[in-house]
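So this one's input-v4.txt, compact mmCIF, C-alpha atoms:
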# COMPACT_ATOMS: atom_id res chain seq x y z
CA MET A 149 62.05 108.61 112.26
CA CYS A 150 60.94 111.87 110.82
CA ALA A 151 57.98 113.99 111.80
CA ASP A 152 57.42 115.11 108.25
CA ARG A 153 57.04 111.83 106.45
CA ASN A 154 58.16 113.43 103.20
CA ILE A 155 61.57 114.29 104.51
CA SER A 156 63.79 111.23 104.52
CA ASP A 157 67.23 110.99 106.08
CA GLU A 158 68.76 111.12 102.60
CA HIS A 159 66.87 114.31 101.95
CA LEU A 160 67.99 115.92 105.13
CA ASN A 161 71.61 114.98 104.35
CA ALA A 162 71.28 116.57 100.92
CA PHE A 163 69.89 119.68 102.61
CA VAL A 164 72.86 119.88 104.99
CA ASP A 165 75.30 119.34 102.12
CA GLY A 166 73.70 122.09 100.04
CA GLN A 167 72.63 119.70 97.30
CA LEU A 168 68.98 120.76 97.01
CA ASP A 169 67.44 123.24 94.63
CA LYS A 170 65.71 126.38 95.89
CA ASP A 171 62.21 124.94 96.19
CA GLU A 172 63.28 121.87 98.09
CA LYS A 173 65.44 123.95 100.33
CA SER A 174 62.57 126.26 101.24
CA ARG A 175 60.34 123.30 101.94
CA ILE A 176 62.82 121.79 104.36
CA LEU A 177 63.64 125.13 105.99
CA GLY A 178 59.93 125.60 106.58
CA ALA A 179 59.57 122.13 108.04
CA ILE A 180 62.56 122.68 110.32
CA ASN A 181 60.96 125.86 111.68
CA ASN A 182 57.88 123.95 112.75
CA ASP A 183 59.53 120.80 113.98
CA GLY A 184 62.02 120.82 116.83
CA GLU A 185 62.96 117.19 116.29
CA LEU A 186 63.76 117.75 112.62
CA SER A 187 65.74 120.82 113.50
CA ARG A 188 67.74 118.84 116.05
CA ARG A 189 68.53 116.16 113.47
CA ALA A 190 69.66 118.70 110.91
CA CYS A 191 71.93 120.22 113.53
CA GLU A 192 73.37 116.82 114.34
CA LEU A 193 74.15 116.18 110.70
CA ARG A 194 75.86 119.53 110.40
CA ARG A 195 77.84 118.83 113.55
CA LEU A 196 78.96 115.48 112.14
CA ARG A 197 80.10 117.20 108.98
CA GLU A 198 82.14 119.61 111.02
CA LEU A 199 83.61 116.82 113.14
CA VAL A 200 84.80 115.00 110.03
CA GLN A 201 86.37 118.19 108.68
CA HIS A 202 87.99 118.85 112.02
CA ALA A 203 89.40 115.31 112.22
CA TYR A 204 91.43 115.83 109.05
CA ASP A 205 92.28 119.49 109.42
CA ALA A 206 95.80 118.55 110.27
CA PRO A 207 96.66 115.05 109.09
CA PRO A 208 100.10 113.87 110.22
CA PRO A 209 102.82 115.18 107.93
CA PRO A 210 103.82 112.79 105.16
CA PRO A 211 107.17 111.05 105.61
CA GLN A 212 109.85 113.51 104.57
CA ARG A 213 110.29 113.66 100.84
CA LEU A 214 113.73 115.00 100.03
CA THR A 215 113.01 115.91 96.46
CA ASN A 216 109.85 116.24 94.51
CA ALA A 217 111.46 114.32 91.71
CA VAL A 218 109.58 111.37 90.39
CA ARG A 219 110.15 108.55 92.79
CA ALA A 220 109.63 104.90 92.11
CA PRO A 221 106.32 103.85 93.64
CA LEU A 222 106.35 101.37 96.51
CA TRP A 223 105.65 98.31 94.42
CA ARG A 224 108.60 99.07 92.15
CA GLN A 225 110.80 99.41 95.16
CA ALA A 226 109.38 96.17 96.48
CA ILE A 227 110.24 94.37 93.24
CA ALA A 228 113.68 95.92 93.26
CA ALA A 229 114.16 94.89 96.87
CA GLY A 230 113.03 91.37 96.03
CA LEU A 231 115.41 91.15 93.08
CA LEU A 232 118.30 92.46 95.14
CA LEU A 233 117.49 90.08 97.95
CA MET A 234 117.45 87.13 95.57
CA LEU A 235 120.64 88.29 94.00
CA GLY A 236 122.20 88.89 97.38
CA ALA A 237 121.30 85.34 98.35
CA ALA A 238 122.75 83.98 95.11
CA VAL A 239 125.91 86.03 95.41
CA GLY A 240 126.23 85.08 99.04
CA TRP A 241 125.83 81.42 98.17
CA VAL A 242 128.49 81.56 95.49
CA GLY A 243 130.70 83.92 97.43
CA HIS A 244 130.49 81.72 100.49
CA ALA A 245 132.81 79.16 98.99
CA GLN A 246 135.20 81.73 97.67
CA GLN A 247 137.50 83.52 100.00
CA GLN A 248 139.25 85.79 97.55
CA PRO A 249 137.55 89.15 97.58
CA LEU A 250 138.04 89.88 93.91
CA ASN A 251 136.47 86.61 93.05
CA LEU A 252 133.12 88.29 93.64
CA ASN A 253 129.92 87.89 91.79
CA ALA A 254 128.46 91.13 90.60
CA MET A 255 125.22 92.09 88.93
CA TYR A 256 124.90 94.51 86.07
CA LEU A 257 122.55 95.46 83.27
CA ASP A 258 123.66 94.43 79.82
CA GLU A 259 123.09 96.52 76.73
CA GLU A 260 119.51 95.30 76.46
CA LYS A 261 118.98 96.39 80.08
CA ALA A 262 118.61 92.81 81.21
CA PHE A 263 119.98 91.70 84.56
CA GLN A 264 123.17 89.68 84.32
CA THR A 265 125.43 88.25 86.93
CA ALA A 266 129.08 87.51 86.37
CA ASN A 267 132.33 87.19 88.17
CA LEU A 268 133.59 90.69 88.73
CA ILE A 269 136.80 90.04 86.82
CA GLN A 270 135.02 88.62 83.80
CA ALA A 271 132.23 91.16 83.68
CA PRO A 272 132.49 93.56 80.76
CA VAL A 273 133.66 97.05 81.61
CA ARG A 274 132.22 100.01 79.77
CA GLY A 275 134.45 102.99 80.33
CA GLU A 276 135.62 103.48 83.89
CA ARG A 277 135.09 100.66 86.32
CA LYS A 278 132.29 101.62 88.68
CA ILE A 279 131.21 99.45 91.53
CA LEU A 280 128.46 99.80 94.09
CA LEU A 281 128.72 97.84 97.31
CA HIS A 282 125.50 97.41 99.23
CA ILE A 283 125.33 96.64 102.93
CA SER A 284 121.98 96.12 104.62
CA SER A 285 122.86 94.02 107.64
CA SER A 286 124.01 95.26 111.02
CA GLU A 287 126.04 92.15 111.83
CA PRO A 288 129.56 93.32 112.68
CA ASP A 289 131.03 90.54 110.51
CA LYS A 290 129.15 91.81 107.51
CA LEU A 291 130.04 95.42 108.21
CA GLU A 292 133.68 94.44 108.43
CA ARG A 293 133.45 92.39 105.26
CA ALA A 294 131.97 95.40 103.45
CA LEU A 295 134.98 97.49 104.43
CA ASP A 296 137.39 94.63 103.64
CA THR A 297 135.87 94.19 100.22
CA ALA A 298 135.94 97.91 99.50
CA GLU A 299 139.55 98.17 100.59
CA GLN A 300 140.68 95.15 98.63
CA LEU A 301 138.91 96.27 95.47
CA LEU A 302 140.41 99.75 95.73
CA ALA A 303 143.88 98.44 96.55
CA THR A 304 143.84 95.91 93.74
CA TYR A 305 142.71 98.32 91.04
CA HIS A 306 145.01 100.99 92.42
CA SER A 307 148.01 98.67 92.18
CA GLN A 308 147.05 97.83 88.60
CA ASN A 309 146.66 101.53 87.82
CA GLN A 310 143.10 100.94 86.73
CA PRO A 311 140.68 103.78 87.39
CA VAL A 312 137.79 102.76 89.60
CA GLU A 313 134.94 104.46 91.38
CA LEU A 314 133.35 102.83 94.36
CA GLU A 315 130.22 103.60 96.31
CA LEU A 316 129.32 101.90 99.56
CA VAL A 317 125.59 102.23 100.12
CA ALA A 318 124.20 101.43 103.55
CA ASN A 319 120.56 100.96 104.37
CA ALA A 320 118.42 99.08 106.91
CA GLY A 321 120.73 97.51 109.54
CA GLY A 322 123.77 98.37 107.42
CA LEU A 323 123.22 101.97 108.38
CA ASP A 324 125.03 101.14 111.63
CA LEU A 325 128.30 101.26 109.71
CA LEU A 326 127.89 104.97 109.12
CA ARG A 327 126.23 105.99 112.38
CA ALA A 328 128.55 108.03 114.55
CA ASP A 329 126.97 106.69 117.75
CA VAL A 330 127.11 102.96 117.04
CA SER A 331 129.56 102.30 114.22
CA PRO A 332 132.19 99.80 115.35
CA PHE A 333 134.44 100.87 112.47
CA ALA A 334 134.36 104.65 112.54
CA ASP A 335 138.16 104.89 112.49
CA ARG A 336 138.45 102.55 109.56
CA VAL A 337 135.85 104.46 107.58
CA GLN A 338 137.81 107.63 108.22
CA ALA A 339 141.13 106.03 107.27
CA LEU A 340 139.72 104.54 104.07
CA GLN A 341 138.17 107.83 103.06
CA ARG A 342 141.49 109.62 103.63
CA GLN A 343 143.36 107.11 101.56
CA TYR A 344 140.94 106.89 98.63
CA ASP A 345 139.07 109.84 97.23
CA ASN A 346 137.33 107.63 94.68
CA LEU A 347 135.35 106.00 97.47
CA THR A 348 131.97 107.37 98.60
CA PHE A 349 129.99 106.32 101.64
CA LEU A 350 126.25 106.78 101.25
CA ALA A 351 123.58 106.45 103.93
CA CYS A 352 119.93 105.89 103.04
CA GLN A 353 117.63 108.73 104.12
CA THR A 354 114.60 106.44 104.07
CA ALA A 355 116.28 104.11 106.57
CA MET A 356 117.16 107.08 108.78
CA ASP A 357 113.59 108.33 108.65
CA ARG A 358 112.41 104.89 109.64
CA LEU A 359 114.73 104.84 112.65
CA ARG A 360 113.38 108.20 113.67
CA ARG A 361 109.78 107.13 113.21
CA GLU A 362 109.87 103.65 114.64
CA ARG A 363 112.58 103.76 117.27
CA HIS A 364 112.66 107.52 117.91
CA ILE A 365 116.40 107.61 117.23
CA THR A 366 117.81 110.54 115.31
CA PRO A 367 120.95 109.04 113.86
CA ASP A 368 124.12 111.12 113.63
CA LEU A 369 126.24 110.15 110.71
CA LEU A 370 130.00 109.94 110.46
CA PRO A 371 131.43 113.02 108.75
CA GLU A 372 132.52 110.82 105.82
CA ALA A 373 128.97 109.71 105.04
CA LEU A 374 126.85 111.38 102.41
CA ILE A 375 123.11 110.87 102.12
CA THR A 376 121.06 109.37 99.33
CA PRO A 377 117.27 109.78 99.44
CA ASN A 378 116.67 106.09 98.93
CA ALA A 379 119.22 103.28 98.72
CA LEU A 380 117.17 101.12 96.38
CA ASP A 381 116.61 103.98 93.97
CA GLU A 382 120.31 104.75 94.14
CA ILE A 383 121.14 101.14 93.26
CA LEU A 384 118.65 101.03 90.39
CA ASN A 385 119.95 104.33 89.02
CA ARG A 386 123.54 103.20 89.22
CA LEU A 387 122.70 99.94 87.48
CA GLN A 388 121.04 101.93 84.71
CA GLN A 389 124.22 103.97 84.43
CA GLY A 390 126.29 100.83 83.92
CA TRP A 391 127.59 100.25 87.42
CA MET A 392 128.33 96.82 88.86
CA TYR A 393 126.40 95.84 91.93
CA ILE A 394 127.76 93.73 94.75
CA SER A 395 125.76 92.83 97.81
CA VAL A 396 127.84 92.21 100.90
CA MET B 87 106.06 131.03 70.09
CA LYS B 88 103.63 128.17 69.96
CA LEU B 89 106.20 125.99 71.60
CA LEU B 90 106.76 128.57 74.31
CA ASN B 91 103.03 128.77 74.95
CA MET B 92 102.82 125.03 75.22
CA PHE B 93 105.73 125.04 77.61
CA CYS B 94 104.13 127.71 79.79
CA ARG B 95 100.86 125.83 79.83
CA SER B 96 102.55 122.63 80.90
CA GLN B 97 104.47 124.52 83.60
CA GLU B 98 101.23 125.98 84.88
CA PHE B 99 99.62 122.57 84.81
CA LYS B 100 102.48 121.14 86.84
CA GLN B 101 102.12 123.89 89.39
CA ARG B 102 98.40 123.26 89.71
CA LEU B 103 99.09 119.57 90.16
CA GLU B 104 101.68 120.25 92.84
CA ALA B 105 99.23 122.56 94.61
CA SER B 106 96.72 119.70 94.79
CA ARG B 107 99.19 117.37 96.48
CA ILE B 108 98.22 118.37 99.98
CA ARG B 109 94.51 117.80 99.35
CA LEU B 110 95.13 114.46 97.67
CA TYR B 111 97.30 113.46 100.59
CA ARG B 112 94.65 114.45 103.11
CA LEU B 113 91.93 112.56 101.27
CA ALA B 114 94.11 109.47 100.84
CA TYR B 115 95.04 109.68 104.51
CA SER B 116 91.37 109.77 105.51
CA TRP B 117 90.89 106.54 103.52
CA CYS B 118 93.88 104.58 104.76
CA HIS B 119 95.12 106.34 107.93
CA ASN B 120 98.68 105.56 106.92
CA ALA B 121 100.90 108.56 106.22
CA ALA B 122 103.45 106.74 104.08
CA LEU B 123 100.83 105.01 101.94
CA ALA B 124 98.80 108.21 101.58
CA ASP B 125 101.92 110.03 100.45
CA ASP B 126 102.68 107.32 97.89
CA LEU B 127 99.10 107.36 96.60
CA ALA B 128 99.20 111.15 96.20
CA GLN B 129 102.52 110.90 94.37
CA GLU B 130 101.27 108.12 92.10
CA THR B 131 98.13 110.12 91.34
CA LEU B 132 100.15 113.17 90.35
CA GLU B 133 102.48 111.12 88.17
CA LYS B 134 99.53 109.52 86.40
CA ALA B 135 97.85 112.90 85.99
CA LEU B 136 100.98 114.31 84.39
CA LYS B 137 101.13 111.41 81.95
CA LYS B 138 97.46 111.59 81.07
CA SER B 139 97.20 115.38 81.05
CA SER B 140 95.74 115.33 77.54
CA GLN B 141 92.68 113.49 78.86
CA LEU B 142 91.62 116.42 80.99
CA ARG B 143 89.11 118.26 78.81
CA ASP B 144 87.91 120.86 81.25
CA PRO B 145 90.70 122.46 83.32
CA ALA B 146 88.11 123.58 85.89
CA ALA B 147 87.38 119.94 86.64
CA LEU B 148 90.99 119.24 87.57
CA GLU B 149 90.28 118.26 91.14
CA THR B 150 87.40 115.92 90.43
CA TRP B 151 89.60 114.34 87.78
CA LEU B 152 92.47 113.94 90.24
CA PHE B 153 90.17 112.39 92.83
CA SER B 154 89.03 109.79 90.34
CA ILE B 155 92.66 108.98 89.50
CA LEU B 156 93.34 108.67 93.22
CA THR B 157 90.40 106.27 93.52
CA ASN B 158 91.90 104.13 90.77
CA CYS B 159 95.36 104.20 92.36
CA TRP B 160 93.84 103.14 95.66
CA ARG B 161 91.93 100.31 93.98
CA ASP B 162 95.09 99.22 92.14
CA HIS B 163 97.00 99.27 95.36
CA PHE B 164 94.62 96.76 96.86
CA ARG B 165 94.52 94.71 93.72
CA ARG B 166 98.28 94.44 93.86
CA SER B 167 98.51 93.64 97.53
CA ARG B 168 95.42 91.52 98.10
CA ASP B 169 94.14 89.97 94.96
CA MET B 170 91.30 88.01 96.39
CA LEU B 171 89.80 90.31 98.98
CA ASP B 172 86.96 92.70 98.44
CA ILE B 173 88.26 96.06 99.55
CA ASP B 174 85.00 96.75 101.31
CA ASP B 175 85.61 93.77 103.57
CA ILE B 176 88.96 94.93 104.86
CA PRO B 177 88.63 96.57 108.25
CA LEU B 178 90.83 99.59 108.53
CA GLU B 179 93.22 99.52 111.40
CA SER B 180 92.73 102.41 113.68
CA ASP B 181 95.86 104.51 113.97
CA VAL B 182 94.95 105.63 117.43
CA SER B 183 97.82 104.43 119.58
CA PRO B 184 98.48 105.50 123.15
CA GLU B 185 101.29 107.82 121.99
CA HIS B 186 98.95 109.37 119.49
CA GLU B 187 96.37 109.97 122.14
CA GLN B 188 98.82 112.10 124.05
CA HIS B 189 99.55 114.30 121.08
CA GLN B 190 96.28 114.46 119.33
CA HIS B 191 93.18 116.05 120.47
CA GLN B 192 90.83 113.47 121.85
CA VAL B 193 87.99 114.46 119.57
CA VAL B 194 90.18 114.13 116.49
CA SER B 195 91.26 110.62 117.38
CA GLU B 196 87.73 109.57 118.27
CA VAL B 197 86.34 110.81 114.99
CA ARG B 198 89.15 109.17 113.04
CA ALA B 199 88.61 105.91 114.90
CA ALA B 200 84.90 106.03 114.10
CA ILE B 201 85.60 106.76 110.44
CA ALA B 202 88.11 103.92 110.37
CA LEU B 203 85.32 101.52 111.31
CA LEU B 204 83.13 102.51 108.35
CA PRO B 205 83.16 100.27 105.28
CA LEU B 206 85.51 101.77 102.69
CA GLY B 207 82.70 102.62 100.26
CA GLN B 208 80.97 104.74 102.90
CA ARG B 209 84.26 106.26 104.05
CA GLN B 210 85.09 107.42 100.53
CA VAL B 211 81.70 109.01 99.95
CA LEU B 212 81.74 110.71 103.34
CA THR B 213 85.24 112.19 102.98
CA LEU B 214 84.68 113.38 99.41
CA VAL B 215 81.53 115.20 100.51
CA ASP B 216 82.76 116.52 103.84
CA LEU B 217 86.44 117.18 103.21
CA GLU B 218 86.40 118.08 99.54
CA ASP B 219 82.94 119.61 99.29
CA CYS B 220 82.18 117.51 96.26
CA SER B 221 78.60 117.51 95.04
CA TYR B 222 76.77 114.18 95.04
CA ILE B 223 76.99 114.08 91.28
CA GLU B 224 80.75 114.64 91.37
CA VAL B 225 81.14 111.87 93.94
CA ALA B 226 79.06 109.56 91.75
CA ASN B 227 81.38 110.31 88.82
CA ILE B 228 84.56 109.93 90.82
CA LEU B 229 83.60 106.60 92.31
CA GLY B 230 81.60 105.35 89.32
CA LEU B 231 78.41 104.87 91.32
CA PRO B 232 74.77 105.85 90.81
CA VAL B 233 73.80 109.02 92.70
CA GLY B 234 71.26 107.01 94.72
CA THR B 235 74.02 104.78 96.03
CA VAL B 236 76.10 107.82 96.96
CA MET B 237 73.18 109.21 98.96
CA SER B 238 72.40 105.98 100.75
CA ARG B 239 76.06 105.35 101.61
CA LEU B 240 76.42 108.84 102.95
CA CYS B 241 73.28 108.43 104.98
CA ARG B 242 74.47 105.13 106.47
CA ALA B 243 77.91 106.56 107.18
CA ARG B 244 76.49 109.51 109.08
CA ARG B 245 74.10 107.28 110.99
CA ALA B 246 77.02 105.15 112.14
CA LEU B 247 79.07 108.22 113.06
CA LYS B 248 76.15 109.67 114.95
CA GLU B 249 75.85 106.51 117.01
CA ALA B 250 79.56 106.41 117.67
CA LEU B 251 80.15 110.07 118.35
CA LEU B 252 77.05 111.99 119.25
CA ASP B 253 75.18 109.37 121.24
CA SER B 254 78.16 109.06 123.55
CA ASP B 255 79.53 111.92 125.51
CA LEU B 256 82.82 112.95 124.01
CA ILE B 257 83.87 114.82 127.07
CA ASP B 258 83.15 112.00 129.47
CA GLN B 259 86.61 111.38 130.92
CA GLU B 260 85.81 107.91 132.14
CA SER B 261 85.26 106.69 128.65
CA VAL B 262 88.47 108.09 127.18
CA ASN B 263 90.13 104.73 126.80
CA ASP B 264 87.02 102.73 126.17
CA ASN B 265 87.02 102.20 122.44
CA SER B 266 84.45 99.45 122.62
CA ARG B 267 81.54 101.80 122.72
CA ILE B 268 82.49 102.99 119.27
CA ARG B 269 81.58 99.56 118.05
CA ARG B 270 78.32 99.53 119.97
CA ILE B 271 75.29 98.68 117.91
CA LYS B 272 71.90 99.83 118.96

Entire entry expressed as structure tokens:
Amino acid sequence: MCADRNISDEHLNAFVDGQLDKDEKSRILGAINNDGELSRRACELRRLRELVQHAYDAPPPPPQRLTNAVRAPLWRQAIAAGLLLMLGAAVGWVGHAQQQPLNLNAMYLDEEKAFQTANLIQAPVRGERKILLHISSSEPDKLERALDTAEQLLATYHSQNQPVELELVANAGGLDLLRADVSPFADRVQALQRQYDNLTFLACQTAMDRLRRERHITPDLLPEALITPNALDEILNRLQQGWMYISV
Amino acid sequence: MKLLNMFCRSQEFKQRLEASRIRLYRLAYSWCHNAALADDLAQETLEKALKKSSQLRDPAALETWLFSILTNCWRDHFRRSRDMLDIDDIPLESDVSPEHEQHQHQVVSEVRAAIALLPLGQRQVLTLVDLEDCSYIEVANILGLPVGTVMSRLCRARRALKEALLDSDLIDQESVNDNSRIRRIK
């Protein structure tokens, strides 16, 4: 391929990439001067190098990272999601037969940080009762049940004068509950928030970003909704802090 | 005082790490063409670097060191997701969608599409040399390969790119949507 048999393609690449010592460089420069074909090939290689650089001059911006805090890597989130899904299925299965809202199965971490599930009433309480409700489905029934459950929990503990803190975390389809444009229960969210100041509505930023990216929807949230960078991280953190977890 | 010094050094180290994020992201993106994954890989690399900071002997070699951590993260990622496949056998999906084409310069998407078709080993060598200006010896260290292999992979990668990009006319409007010629083999 090469007029000067001593100059291989590898060699010419090394020349273009500035990897040769002085002597080798002079030899190739000399050869290029006397050989139009070689000169053309060196130019091509340099052009390719520039094309590659140009192609990644401006890579697409990374998905918005709200904080630079250490974030659980994807696989950890995947495991967490898997665990929660399994738990959700289990809770759903048990909860299916039980109509009373307080007869709910909840998950928590025991003192050895092992996952436990128990009936909410029987689960041990360390300090103030703190409960996280998680909604990830957009089915109106489920959205309504999430609000029903939240209301009944708050009303029950309120009537017993027991302090309680409740978070309702919405991600994936559940985000609909807190979206101003589509929520079927905007009024109820507002009423509940007015009645109970120990209730927090949280929307998952990651889910919102996904909507924006995949469906080109920029969701507007209800004024009651606060934002958490990532619902799964929020759930894991709360579990670590001794909260009870209930999947709707 | 000693403690304060140590604290300052670690702060400075963190800042240098953070400053490398954008380059790690770009490199990871050129390997996987997936913004979310590239971002995760960059983050994982920085976290690992912070944990293993004592292993970095020569502060001047920070970037080469980070690139080798990134290589490991990338390898681990595939090990986790596809246990049985050789990463060199996995064709990279081209991220060039019609919407992209509208926004991105045609040349950029063509070059990315051509790079996406390279075997991963060649893609890594090419991007480390071209994007990060690594020397062949640095690339050999980062990827754990002999220098000869680095040179031959680079050579093959550029040959393939030349066929895909230079032997066709980039400005030829008729061929804008014809991706097949990128796969053409002489």

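Between atom CA of Ala373 of chain A and atom CA of Leu233 of chain A lies a distance of 23.8 Å.
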
Selection near segment 330-344 of chain A, 12 Å with all atoms listed in the file, sequence-local residues under 4 positions removed, as number ranges by chain: A: 286-303, 305-306, 311-316, 318, 321-326, 348-350, 365, 367-374

Straight-line distance linking atom CA of Ser187 of chain A with atom CA of Pro205 of chain B, stated in Å to one decimal: 28.2 Å

Residue contacts of segment 236-245 of chain B (7 Å, only C-alpha atoms) excluding same-chain residues fewer than 5 positions away, as a PyMOL selection string: (chain A and resi 157-158+161) or (chain B and resi 204+208+211-212+222+226+231)

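Using only C-alpha atoms, the shortest contact distance between chain A and any of B:Ala250, B:Asp126, B:Ser140, B:Leu214 is found at B:Asp126.
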
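Atom CA of Pro211 of chain A is found 11.2 Å from atom CA of Met356 of chain A.
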
Test item: chain B residues at most 10 Å from chain A, counting all atoms listed in the file, as a ChimeraX atom specification: /B:104,108,111-113,115-116,119-127,129-130,132-133,163,166-167,190-201,212-213,215-223,234,236-242,244-245,247-248,251-252

Neighbour residues at most 12 Å from (102.6, 114.5, 82.5) (only C-alpha atoms) as an MDAnalysis selection string: (chainID A and resid 218) or (chainID B and resid 95:101 103:104 130:142)

Kindly complete segment 340-353 of chain A to N, CA, C and O atoms; the output should be written as a PDB file, keeping the file's coordinate frame.
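To be explicit, this is the file written out as out_12.pdb:
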ATOM      1  N   LEU A 340     139.943 104.912 105.473  1.00  0.00           N
ATOM      2  CA  LEU A 340     139.720 104.540 104.070  1.00  0.00           C
ATOM      3  C   LEU A 340     139.413 105.784 103.234  1.00  0.00           C
ATOM      4  O   LEU A 340     139.922 105.955 102.125  1.00  0.00           O
ATOM      5  N   GLN A 341     138.559 106.648 103.797  1.00  0.00           N
ATOM      6  CA  GLN A 341     138.170 107.830 103.060  1.00  0.00           C
ATOM      7  C   GLN A 341     139.376 108.743 102.808  1.00  0.00           C
ATOM      8  O   GLN A 341     139.503 109.335 101.750  1.00  0.00           O
ATOM      9  N   ARG A 342     140.289 108.794 103.799  1.00  0.00           N
ATOM     10  CA  ARG A 342     141.490 109.620 103.630  1.00  0.00           C
ATOM     11  C   ARG A 342     142.372 109.069 102.536  1.00  0.00           C
ATOM     12  O   ARG A 342     142.964 109.801 101.759  1.00  0.00           O
ATOM     13  N   GLN A 343     142.438 107.747 102.500  1.00  0.00           N
ATOM     14  CA  GLN A 343     143.360 107.110 101.560  1.00  0.00           C
ATOM     15  C   GLN A 343     142.818 107.154 100.127  1.00  0.00           C
ATOM     16  O   GLN A 343     143.576 107.322  99.188  1.00  0.00           O
ATOM     17  N   TYR A 344     141.507 106.988  99.985  1.00  0.00           N
ATOM     18  CA  TYR A 344     140.940 106.890  98.630  1.00  0.00           C
ATOM     19  C   TYR A 344     139.866 107.963  98.425  1.00  0.00           C
ATOM     20  O   TYR A 344     138.845 107.960  99.110  1.00  0.00           O
ATOM     21  N   ASP A 345     140.114 108.837  97.458  1.00  0.00           N
ATOM     22  CA  ASP A 345     139.070 109.840  97.230  1.00  0.00           C
ATOM     23  C   ASP A 345     138.049 109.355  96.207  1.00  0.00           C
ATOM     24  O   ASP A 345     137.067 110.026  95.918  1.00  0.00           O
ATOM     25  N   ASN A 346     138.310 108.178  95.629  1.00  0.00           N
ATOM     26  CA  ASN A 346     137.330 107.630  94.680  1.00  0.00           C
ATOM     27  C   ASN A 346     136.350 106.691  95.386  1.00  0.00           C
ATOM     28  O   ASN A 346     135.702 105.862  94.771  1.00  0.00           O
ATOM     29  N   LEU A 347     136.286 106.816  96.694  1.00  0.00           N
ATOM     30  CA  LEU A 347     135.350 106.000  97.470  1.00  0.00           C
ATOM     31  C   LEU A 347     134.314 106.934  98.118  1.00  0.00           C
ATOM     32  O   LEU A 347     134.666 107.972  98.676  1.00  0.00           O
ATOM     33  N   THR A 348     133.031 106.555  98.004  1.00  0.00           N
ATOM     34  CA  THR A 348     131.970 107.370  98.600  1.00  0.00           C
ATOM     35  C   THR A 348     131.134 106.509  99.536  1.00  0.00           C
ATOM     36  O   THR A 348     130.738 105.397  99.162  1.00  0.00           O
ATOM     37  N   PHE A 349     130.905 107.013 100.719  1.00  0.00           N
ATOM     38  CA  PHE A 349     129.990 106.320 101.640  1.00  0.00           C
ATOM     39  C   PHE A 349     128.630 107.000 101.576  1.00  0.00           C
ATOM     40  O   PHE A 349     128.538 108.213 101.720  1.00  0.00           O
ATOM     41  N   LEU A 350     127.594 106.201 101.363  1.00  0.00           N
ATOM     42  CA  LEU A 350     126.250 106.780 101.250  1.00  0.00           C
ATOM     43  C   LEU A 350     125.297 106.132 102.261  1.00  0.00           C
ATOM     44  O   LEU A 350     125.229 104.902 102.361  1.00  0.00           O
ATOM     45  N   ALA A 351     124.579 106.963 102.994  1.00  0.00           N
ATOM     46  CA  ALA A 351     123.580 106.450 103.930  1.00  0.00           C
ATOM     47  C   ALA A 351     122.192 106.719 103.358  1.00  0.00           C
ATOM     48  O   ALA A 351     121.962 107.737 102.710  1.00  0.00           O
ATOM     49  N   CYS A 352     121.273 105.799 103.613  1.00  0.00           N
ATOM     50  CA  CYS A 352     119.930 105.890 103.040  1.00  0.00           C
ATOM     51  C   CYS A 352     119.027 106.752 103.932  1.00  0.00           C
ATOM     52  O   CYS A 352     118.822 106.452 105.110  1.00  0.00           O
ATOM     53  N   GLN A 353     118.503 107.822 103.352  1.00  0.00           N
ATOM     54  CA  GLN A 353     117.630 108.730 104.120  1.00  0.00           C
ATOM     55  C   GLN A 353     116.364 108.011 104.589  1.00  0.00           C
ATOM     56  O   GLN A 353     115.885 108.214 105.707  1.00  0.00           O
TER      57      GLN A 353
END
